[in-house]
$ cat upload.txt   # compact mmCIF, C-alpha atoms
# COMPACT_ATOMS: atom_id res chain seq x y z
CA MET A 1004 127.22 141.83 153.37
CA ARG A 1005 123.72 141.63 154.75
CA ASP A 1006 122.30 141.34 151.21
CA SER A 1007 124.67 138.46 150.40
CA GLY A 1008 123.71 136.74 153.66
CA GLN A 1009 120.04 137.00 152.78
CA GLY A 1010 120.84 135.68 149.31
CA LEU A 1011 122.56 132.64 150.82
CA GLU A 1012 119.59 131.99 153.10
CA LEU A 1013 117.22 132.21 150.15
CA VAL A 1014 119.35 129.82 148.09
CA CYS A 1015 119.48 127.31 150.97
CA ALA A 1016 115.72 127.51 151.52
CA CYS A 1017 115.03 127.00 147.80
CA TYR A 1018 117.43 124.07 147.63
CA LEU A 1019 115.86 122.46 150.69
CA LEU A 1020 112.53 122.64 148.87
CA ILE A 1021 114.15 121.10 145.79
CA VAL A 1022 115.56 118.26 147.92
CA TYR A 1023 112.12 117.55 149.36
CA VAL A 1024 110.41 117.60 145.96
CA THR A 1025 113.16 115.36 144.57
CA SER A 1026 112.63 112.85 147.37
CA ARG A 1027 108.87 112.67 146.92
CA GLY A 1028 108.25 113.59 143.29
CA LEU A 1029 111.25 112.19 141.40
CA ILE A 1030 112.29 109.21 143.54
CA ALA A 1031 109.25 107.99 145.46
CA ALA A 1032 106.43 108.88 143.05
CA PRO A 1033 107.57 106.77 140.04
CA ARG A 1034 108.17 103.75 142.28
CA TYR A 1035 104.81 104.28 143.96
CA ARG A 1036 103.07 104.35 140.55
CA LEU A 1037 104.77 101.07 139.64
CA PHE A 1038 103.65 99.64 142.97
CA GLN A 1039 100.07 100.76 142.32
CA ALA A 1040 100.08 99.10 138.87
CA ARG A 1041 101.30 95.80 140.36
CA LEU A 1042 98.73 96.14 143.14
CA ARG A 1043 95.89 96.53 140.62
CA ASP A 1044 97.10 93.50 138.64
CA CYS A 1045 97.34 91.40 141.78
CA ARG A 1046 93.86 92.43 142.91
CA ALA A 1047 92.39 91.61 139.49
CA ARG A 1048 93.92 88.13 139.62
CA ALA A 1049 92.64 87.61 143.16
CA GLU A 1050 89.10 88.67 142.23
CA LEU A 1051 89.11 86.30 139.26
CA LEU A 1052 90.28 83.40 141.43
CA ALA A 1053 87.65 84.28 144.03
CA VAL A 1054 84.93 83.82 141.40
CA THR A 1055 86.29 80.52 140.09
CA SER A 1056 87.15 78.95 143.46
CA ALA A 1057 84.75 76.46 144.99
CA GLU A 1058 82.76 77.82 147.91
CA GLY A 1059 84.27 76.84 151.25
CA SER A 1060 87.43 75.42 149.70
CA ALA A 1061 90.97 76.09 150.87
CA GLU A 1062 91.61 78.02 147.67
CA GLU A 1063 88.76 80.41 148.45
CA VAL A 1064 90.05 80.99 151.98
CA THR A 1065 93.51 81.80 150.60
CA VAL A 1066 92.15 84.20 148.00
CA VAL A 1067 89.95 86.00 150.56
CA ALA A 1068 92.95 86.41 152.87
CA VAL A 1069 95.00 87.85 150.01
CA LEU A 1070 92.23 90.28 149.04
CA THR A 1071 91.96 91.46 152.64
CA ARG A 1072 95.69 92.14 152.77
CA LEU A 1073 95.59 93.98 149.44
CA ASN A 1074 92.74 96.16 150.68
CA ASP A 1075 94.84 97.04 153.73
CA LEU A 1076 97.47 98.51 151.40
CA ASP A 1077 94.94 101.04 150.13
CA ARG A 1078 94.04 102.34 153.58
CA GLY A 1079 95.79 105.55 154.51
CA GLY A 1080 98.69 105.04 156.88
CA THR A 1081 98.64 101.22 156.86
CA VAL A 1082 101.69 100.70 154.70
CA VAL A 1083 101.77 103.48 152.12
CA TRP A 1084 100.14 106.85 152.52
CA ARG A 1085 97.41 107.16 149.95
CA LEU A 1086 97.81 109.94 147.42
CA SER A 1087 95.50 112.87 147.96
CA SER A 1088 94.40 115.48 145.45
CA ARG A 1089 95.52 118.21 147.83
CA PHE A 1090 99.10 117.15 148.51
CA GLY A 1091 99.89 115.07 145.39
CA VAL A 1092 103.36 113.55 145.34
CA MET A 1093 104.16 115.15 148.70
CA ALA A 1094 102.14 112.38 150.36
CA ILE A 1095 104.55 109.60 149.33
CA PRO A 1096 107.20 108.67 151.93
CA LEU A 1097 110.25 106.67 150.90
CA SER A 1098 110.30 105.00 154.32
CA LYS A 1099 107.13 102.96 153.70
CA LEU A 1100 107.62 101.83 150.09
CA ALA A 1101 109.92 98.94 151.01
CA ALA A 1102 107.38 97.52 153.47
CA ALA A 1103 104.63 97.90 150.88
CA TRP A 1104 106.56 95.92 148.28
CA ARG A 1105 107.22 93.09 150.73
CA VAL A 1106 103.50 92.84 151.51
CA LEU A 1107 102.61 92.87 147.82
CA HIS A 1108 105.17 90.18 147.01
CA ALA A 1109 103.77 88.00 149.81
CA ALA A 1110 100.28 88.44 148.35
CA GLU A 1111 101.50 87.45 144.90
CA ARG A 1112 103.06 84.28 146.29
CA GLY A 1113 99.85 83.53 148.12
CA LEU A 1114 97.93 83.68 144.85
CA LEU A 1115 100.56 81.58 143.10
CA SER A 1116 99.84 78.72 145.47
CA VAL A 1117 96.26 78.48 144.11
CA GLU A 1118 96.81 79.71 140.55
CA THR A 1119 95.60 77.92 137.45
CA VAL A 1120 97.73 75.45 135.49
CA ALA A 1121 98.38 78.01 132.75
CA GLU A 1122 99.62 80.60 135.25
CA PHE A 1123 101.78 77.96 136.96
CA HIS A 1124 103.58 77.18 133.70
CA ALA A 1125 103.84 80.87 132.79
CA GLN A 1126 105.52 81.68 136.10
CA ARG A 1127 107.83 78.72 135.72
CA GLN A 1128 108.89 79.76 132.20
CA TRP A 1129 109.45 83.32 133.41
CA LEU A 1130 111.79 82.08 136.11
CA LEU A 1131 113.67 79.80 133.73
CA HIS A 1132 114.28 82.57 131.18
CA ARG A 1133 114.87 85.32 133.69
CA PRO A 1134 118.51 86.54 133.51
CA THR A 1135 120.05 86.18 136.96
CA ALA A 1136 123.50 86.47 138.44
CA ALA A 1137 123.44 83.88 141.20
CA SER A 1138 125.90 84.78 143.90
CA GLU A 1139 125.19 81.94 146.32
CA PRO A 1140 125.42 78.16 145.80
CA ALA A 1141 121.84 77.76 147.06
CA ASP A 1142 120.58 80.00 144.24
CA THR A 1143 122.40 77.93 141.63
CA GLU A 1144 121.06 74.70 143.10
CA LEU A 1145 117.50 76.04 143.18
CA ALA A 1146 117.72 77.18 139.54
CA ALA A 1147 119.12 73.78 138.51
CA ARG A 1148 116.29 71.92 140.28
CA LEU A 1149 113.70 74.12 138.64
CA ALA A 1150 115.22 73.58 135.17
CA ALA A 1151 115.58 69.80 135.68
CA ASP A 1152 111.91 69.39 136.57
CA SER A 1153 110.77 70.02 133.00
CA ALA A 1154 107.60 67.94 133.29
CA ALA A 1155 106.42 69.50 136.55
CA ASP A 1156 102.86 68.64 137.48
CA PRO A 1157 100.99 71.78 138.66
CA HIS A 1158 98.90 69.61 140.97
CA ASP A 1159 101.98 68.14 142.66
CA PRO A 1160 102.53 69.89 146.04
CA GLU A 1161 106.30 69.44 145.71
CA ALA A 1162 106.34 71.14 142.30
CA ARG A 1163 104.28 74.02 143.68
CA ALA A 1164 106.60 74.32 146.67
CA LEU A 1165 109.67 74.41 144.41
CA LEU A 1166 108.14 77.16 142.28
CA LEU A 1167 107.14 79.16 145.37
CA ALA A 1168 110.66 78.83 146.78
CA ALA A 1169 112.15 80.16 143.55
CA VAL A 1170 109.71 83.08 143.42
CA ARG A 1171 110.34 83.87 147.08
CA ARG A 1172 114.08 84.02 146.42
CA VAL A 1173 113.57 86.40 143.49
CA HIS A 1174 111.33 88.61 145.62
CA ASP A 1175 113.82 88.62 148.50
CA LEU A 1176 116.62 89.73 146.18
CA GLU A 1177 114.46 92.52 144.74
CA ASP A 1178 113.29 93.68 148.16
CA THR A 1179 116.79 93.65 149.63
CA SER A 1180 118.13 95.68 146.71
CA SER A 1181 115.28 98.20 146.98
CA GLU A 1182 115.67 98.56 150.74
CA ARG A 1183 119.39 99.17 150.33
CA ASP A 1184 118.65 101.82 147.70
CA TYR A 1185 116.02 103.48 149.89
CA GLU A 1186 118.45 103.55 152.79
CA GLN A 1187 121.10 105.23 150.64
CA GLN A 1188 118.57 107.81 149.48
CA ARG A 1189 117.52 108.57 153.05
CA ILE A 1190 121.16 108.97 154.10
CA ALA A 1191 121.81 111.32 151.18
CA LEU A 1192 118.74 113.40 152.02
CA TRP A 1193 119.75 113.62 155.68
CA LEU A 1194 123.28 114.68 154.74
CA ALA A 1195 121.92 117.29 152.35
CA THR A 1196 119.64 118.75 155.03
CA THR A 1197 122.42 118.78 157.62
CA GLY A 1198 124.84 120.25 155.08
CA LEU A 1199 122.49 123.11 154.30
CA ALA A 1200 122.25 123.92 158.01
CA THR A 1201 126.05 123.87 158.21
CA ILE A 1202 126.30 126.17 155.21
CA LEU A 1203 124.01 128.71 156.86
CA LEU A 1204 125.98 128.52 160.09
CA VAL A 1205 129.37 128.86 158.41
CA GLY A 1206 128.11 131.63 156.15
CA THR A 1207 126.80 133.60 159.11
CA VAL A 1208 129.87 133.15 161.33
CA LEU A 1209 132.68 133.34 158.76
CA ASP A 1210 131.04 135.66 156.20
CA HIS A 1211 132.02 133.53 153.18
CA HIS A 1212 128.71 133.75 151.33
CA ASN A 1213 130.14 134.19 147.81
CA THR A 1214 132.64 131.41 148.39
CA MET A 1215 129.91 128.90 149.17
CA LEU A 1216 127.65 130.07 146.36
CA LEU A 1217 130.48 129.57 143.83
CA GLY A 1218 131.34 126.21 145.42
CA ALA A 1219 127.72 125.11 145.14
CA LEU A 1220 127.74 126.17 141.48
CA GLY A 1221 130.85 124.06 140.91
CA GLY A 1222 129.25 121.10 142.68
CA PHE A 1223 126.22 121.43 140.43
CA LEU A 1224 128.31 121.69 137.24
CA SER A 1225 130.33 118.56 137.99
CA PRO A 1226 127.53 115.97 137.40
CA VAL A 1227 126.07 118.12 134.61
CA ILE A 1228 129.31 118.00 132.65
CA GLY A 1229 129.59 114.29 133.41
CA VAL A 1230 126.18 113.70 131.81
CA LEU A 1231 127.04 115.88 128.82
CA ARG A 1232 130.20 113.86 128.29
CA SER A 1233 128.11 110.67 128.31
CA GLN A 1234 129.79 109.29 131.38
CA ARG A 1235 128.09 106.88 133.78
CA ALA A 1236 124.86 108.30 135.16
CA SER A 1237 125.06 109.52 138.74
CA SER A 1238 122.78 108.26 141.48
CA TRP A 1239 120.15 110.46 143.09
CA GLY A 1240 122.25 110.68 146.24
CA VAL A 1241 125.23 112.09 144.34
CA LEU A 1242 123.07 114.59 142.48
CA VAL A 1243 121.44 115.84 145.67
CA LEU A 1244 124.68 116.08 147.64
CA ALA A 1245 126.90 117.57 144.92
CA PRO A 1246 126.00 121.28 145.38
CA VAL A 1247 126.01 121.00 149.19
CA GLY A 1248 129.36 119.22 149.22
CA GLY A 1249 130.73 121.71 146.70
CA ALA A 1250 129.82 124.66 148.92
CA LEU A 1251 131.51 123.16 151.98
CA ALA A 1252 134.54 122.00 149.97
CA ALA A 1253 135.02 125.56 148.66
CA VAL A 1254 135.26 127.02 152.16
CA GLY A 1255 137.54 124.24 153.37
CA GLY A 1256 139.67 124.51 150.25
CA LEU A 1257 140.31 128.22 150.67
CA LEU A 1258 141.28 127.64 154.28
CA LEU A 1259 143.72 124.90 153.23
CA VAL A 1260 145.20 127.17 150.56
CA ARG A 1261 145.71 129.88 153.17
CA MET A 1262 147.47 127.41 155.47
CA LEU A 1263 149.77 126.05 152.77
CA ALA A 1264 150.59 129.57 151.58
CA ASP A 1265 151.43 130.76 155.08
CA PRO A 1266 155.01 132.11 155.37
CA ASP A 1267 155.81 129.43 157.94
CA LEU A 1268 155.13 126.72 155.32
CA ASN A 1269 155.49 128.74 152.09
CA LEU A 1270 154.37 125.92 149.79
CA LEU A 1271 152.10 127.93 147.47
CA GLY A 1272 153.59 131.40 147.39
CA GLN A 1273 152.53 134.98 148.02
CA VAL A 1274 149.88 135.04 145.29
CA PHE A 1275 147.76 132.41 147.03
CA LEU A 1276 148.38 133.99 150.41
CA ALA A 1277 146.83 137.26 149.24
CA ASN A 1278 143.95 135.66 147.29
CA SER A 1279 142.49 132.98 149.50
CA TRP A 1280 140.91 132.95 152.96
CA ASP A 1281 141.58 136.58 153.90
CA ALA A 1282 140.26 137.94 150.59
CA PRO A 1283 137.38 135.63 149.53
CA ASP A 1284 135.81 138.18 147.17
CA ARG A 1285 138.82 138.54 144.87
CA PRO A 1286 138.52 136.94 141.42
CA LEU A 1287 141.27 134.38 142.06
CA ALA A 1288 139.68 133.31 145.37
CA LEU A 1289 136.25 133.00 143.72
CA ALA A 1290 137.76 130.97 140.87
CA MET A 1291 139.41 128.62 143.38
CA ALA A 1292 136.09 128.25 145.21
CA LEU A 1293 134.47 127.23 141.93
CA LEU A 1294 137.25 124.70 141.25
CA PHE A 1295 137.05 123.21 144.74
CA GLY A 1296 133.29 122.81 144.39
CA PHE A 1297 133.67 121.25 140.97
CA SER A 1298 136.45 118.80 141.82
CA GLY A 1299 136.29 116.78 144.99
CA THR A 1300 139.61 115.26 143.93
CA LEU A 1301 141.30 118.66 144.08
CA PHE A 1302 140.09 119.20 147.64
CA SER A 1303 141.11 115.72 148.80
CA ARG A 1304 144.59 115.99 147.28
CA LEU A 1305 145.14 119.38 148.87
CA ALA A 1306 143.89 118.01 152.20
CA LEU A 1307 146.35 115.11 151.93
CA THR A 1308 149.14 117.59 151.22
CA ALA A 1309 148.19 119.62 154.28
CA THR A 1310 147.98 116.46 156.38
CA GLY A 1311 151.43 115.44 155.22
CA GLN A 1312 152.84 118.78 156.32
CA LEU A 1313 151.24 118.52 159.75
CA THR A 1314 152.19 114.90 160.38
CA GLY A 1315 155.57 114.90 158.67
CA PRO A 1316 158.63 113.27 160.23
CA SER A 1317 159.86 115.05 163.31
CA PRO A 1318 163.35 116.55 163.12
CA ARG A 1319 166.19 114.44 164.35
CA PRO A 1320 167.61 115.43 167.74
CA LEU A 1321 171.03 117.03 167.64
$ encode --input "upload.txt" --output "structure tokens"
Amino acid sequence: MRDSGQGLELVCACYLLIVYVTSRGLIAAPRYRLFQARLRDCRARAELLAVTSAEGSAEEVTVVAVLTRLNDLDRGGTVVWRLSSRFGVMAIPLSKLAAAWRVLHAAERGLLSVETVAEFHAQRQWLLHRPTAASEPADTELAARLAADSAADPHDPEARALLLAAVRRVHDLEDTSSERDYEQQRIALWLATTGLATILLVGTVLDHHNTMLLGALGGFLSPVIGVLRSQRASSWGVLVLAPVGGALAAVGGLLLVRMLADPDLNLLGQVFLANSWDAPDRPLALAMALLFGFSGTLFSRLALTATGQLTGPSPRPL
């Protein structure tokens, strides 16, 4: 039993490392690289405008302010931790990417206010041909005003303001969606970490190491088979939580089977009574642990059945 306990601890420690690498290397790192590419493009545009702007003009002041803000993004700890050769992708926190994108979008809008005529028309055409699903009347009205002003004069302050308003709305929608996604990822990572701690605690107290290992295997196989069957791709949160949830569902499922097979209820029969909670190392109990980890629906339906037995109608008084 001690060897199986050490095996469970090793599996939990390895999976915690996988969760951390997934957070930084597979979720944050690609988005950080995209952010860095946009940052370089924005800086190149700002440096070009700084050269072409008249000395002492309002355009030059705006461009200098934008360049200063862009340089702040490259300083370690300001908005995004700068990558280091020593720590690599481990230096990228999800928590700061959303703030970094908002700053970058603000810098891009600042440059748009002093951009050339060609860039003004390019941005306008991009907005007109950009596929959007407007969900608010204000978005539809803004898109209609932008499309109606076909002969917009780039030197007209009202035309510039309309374009900036449209770009700001697009940026706000992108930032809100990204922040919601980041929040979901952080919640999933927190649940995974807490779940691993619960697994260690339950495994130590209840001595159901093999049950949770088989449940975790079932939780891992569920999204794998879904991908192989060409079903809808799962989110990162589901992929990270699936083995942890499978391990906990396996333990809970065996306990529910034992309760429903108890002679006082006698809903599942003697076979399940002798091959569930009290004998977790038997083949039938291990197979049920694998099934509970694989199918969250099986666990929820069994839990509803148990709940129905506990909260059933009380007997009528004689």
$ residues_around --input "upload.txt" --residues "segment 1015-1026 of chain A" --least-positions-apart "2" --cutoff "10 Å" --atoms "all atoms listed in the file" --output "CSV table (one decimal) with C-alpha atoms, keeping the file's coordinate frame"
chain,number,residue,atom,x,y,z
A,1009,GLN,CA,120.0,137.0,152.8
A,1010,GLY,CA,120.8,135.7,149.3
A,1011,LEU,CA,122.6,132.6,150.8
A,1012,GLU,CA,119.6,132.0,153.1
A,1013,LEU,CA,117.2,132.2,150.2
A,1028,GLY,CA,108.2,113.6,143.3
A,1029,LEU,CA,111.2,112.2,141.4
A,1030,ILE,CA,112.3,109.2,143.5
A,1031,ALA,CA,109.2,108.0,145.5
A,1032,ALA,CA,106.4,108.9,143.0
A,1092,VAL,CA,103.4,113.6,145.3
A,1093,MET,CA,104.2,115.2,148.7
A,1095,ILE,CA,104.6,109.6,149.3
A,1096,PRO,CA,107.2,108.7,151.9
A,1097,LEU,CA,110.2,106.7,150.9
A,1188,GLN,CA,118.6,107.8,149.5
A,1189,ARG,CA,117.5,108.6,153.0
A,1191,ALA,CA,121.8,111.3,151.2
A,1192,LEU,CA,118.7,113.4,152.0
A,1193,TRP,CA,119.8,113.6,155.7
A,1195,ALA,CA,121.9,117.3,152.4
A,1196,THR,CA,119.6,118.8,155.0
A,1198,GLY,CA,124.8,120.2,155.1
A,1199,LEU,CA,122.5,123.1,154.3
A,1200,ALA,CA,122.2,123.9,158.0
A,1202,ILE,CA,126.3,126.2,155.2
A,1203,LEU,CA,124.0,128.7,156.9
A,1216,LEU,CA,127.6,130.1,146.4
A,1239,TRP,CA,120.2,110.5,143.1
A,1240,GLY,CA,122.2,110.7,146.2
A,1242,LEU,CA,123.1,114.6,142.5
A,1243,VAL,CA,121.4,115.8,145.7
A,1244,LEU,CA,124.7,116.1,147.6
A,1246,PRO,CA,126.0,121.3,145.4
A,1247,VAL,CA,126.0,121.0,149.2
$ residues_around --input "upload.txt" --residues "segment 1058-1075 of chain A" --least-positions-apart "5" --cutoff "7 Å" --atoms "all atoms listed in the file" --output "MDAnalysis selection string"
chainID A and resid 1046 1049 1052:1053 1081 1110 1113:1114 1117
$ atom_distance --input "upload.txt" --atom1 "atom CA of Pro1286 of chain A" --atom2 "atom CA of Gln1273 of chain A"
15.6 Å
$ residues_around --input "upload.txt" --residues "Met1215 of chain A" --least-positions-apart "4" --cutoff "12 Å" --atoms "only C-alpha atoms" --output "PyMOL selection string"
chain A and resi 1007-1008+1010-1012+1014-1015+1198-1199+1201-1207+1209-1211+1219-1222+1246-1257+1283-1284+1288-1297
$ residues_around --input "upload.txt" --residues "segment 1260-1271 of chain A" --least-positions-apart "2" --cutoff "10 Å" --atoms "all atoms listed in the file" --output "PDB file with C-alpha atoms, in the frame of the given file"
ATOM      1  CA  GLY A1255     137.540 124.240 153.370  1.00  0.00           C
ATOM      2  CA  GLY A1256     139.670 124.510 150.250  1.00  0.00           C
ATOM      3  CA  LEU A1257     140.310 128.220 150.670  1.00  0.00           C
ATOM      4  CA  LEU A1258     141.280 127.640 154.280  1.00  0.00           C
ATOM      5  CA  GLN A1273     152.530 134.980 148.020  1.00  0.00           C
ATOM      6  CA  VAL A1274     149.880 135.040 145.290  1.00  0.00           C
ATOM      7  CA  PHE A1275     147.760 132.410 147.030  1.00  0.00           C
ATOM      8  CA  LEU A1276     148.380 133.990 150.410  1.00  0.00           C
ATOM      9  CA  ALA A1277     146.830 137.260 149.240  1.00  0.00           C
ATOM     10  CA  ASN A1278     143.950 135.660 147.290  1.00  0.00           C
ATOM     11  CA  SER A1279     142.490 132.980 149.500  1.00  0.00           C
ATOM     12  CA  TRP A1280     140.910 132.950 152.960  1.00  0.00           C
ATOM     13  CA  ASP A1281     141.580 136.580 153.900  1.00  0.00           C
ATOM     14  CA  ALA A1288     139.680 133.310 145.370  1.00  0.00           C
ATOM     15  CA  MET A1291     139.410 128.620 143.380  1.00  0.00           C
ATOM     16  CA  PHE A1302     140.090 119.200 147.640  1.00  0.00           C
ATOM     17  CA  LEU A1305     145.140 119.380 148.870  1.00  0.00           C
ATOM     18  CA  ALA A1306     143.890 118.010 152.200  1.00  0.00           C
ATOM     19  CA  THR A1308     149.140 117.590 151.220  1.00  0.00           C
ATOM     20  CA  ALA A1309     148.190 119.620 154.280  1.00  0.00           C
ATOM     21  CA  GLN A1312     152.840 118.780 156.320  1.00  0.00           C
TER      22      GLN A1312
END
$ atom_distance --input "upload.txt" --atom1 "atom CA of Glu1177 of chain A" --atom2 "atom CA of Gly1229 of chain A"
28.8 Å
$ closest_residue --input "upload.txt" --among "A:Arg1127, A:Ala1057, A:Ser1181, A:Pro1033" --to "Arg1105 of chain A" --atoms "all atoms listed in the file"
A:Ser1181
$ atom_distance --input "upload.txt" --atom1 "atom CA of Leu1115 of chain A" --atom2 "atom CA of Arg1043 of chain A"
15.9 Å
$ closest_residue --input "upload.txt" --among "A:Leu1076, A:Cys1045, A:Leu1176, A:Ala1245" --to "Arg1112 of chain A" --atoms "all atoms listed in the file"
A:Cys1045
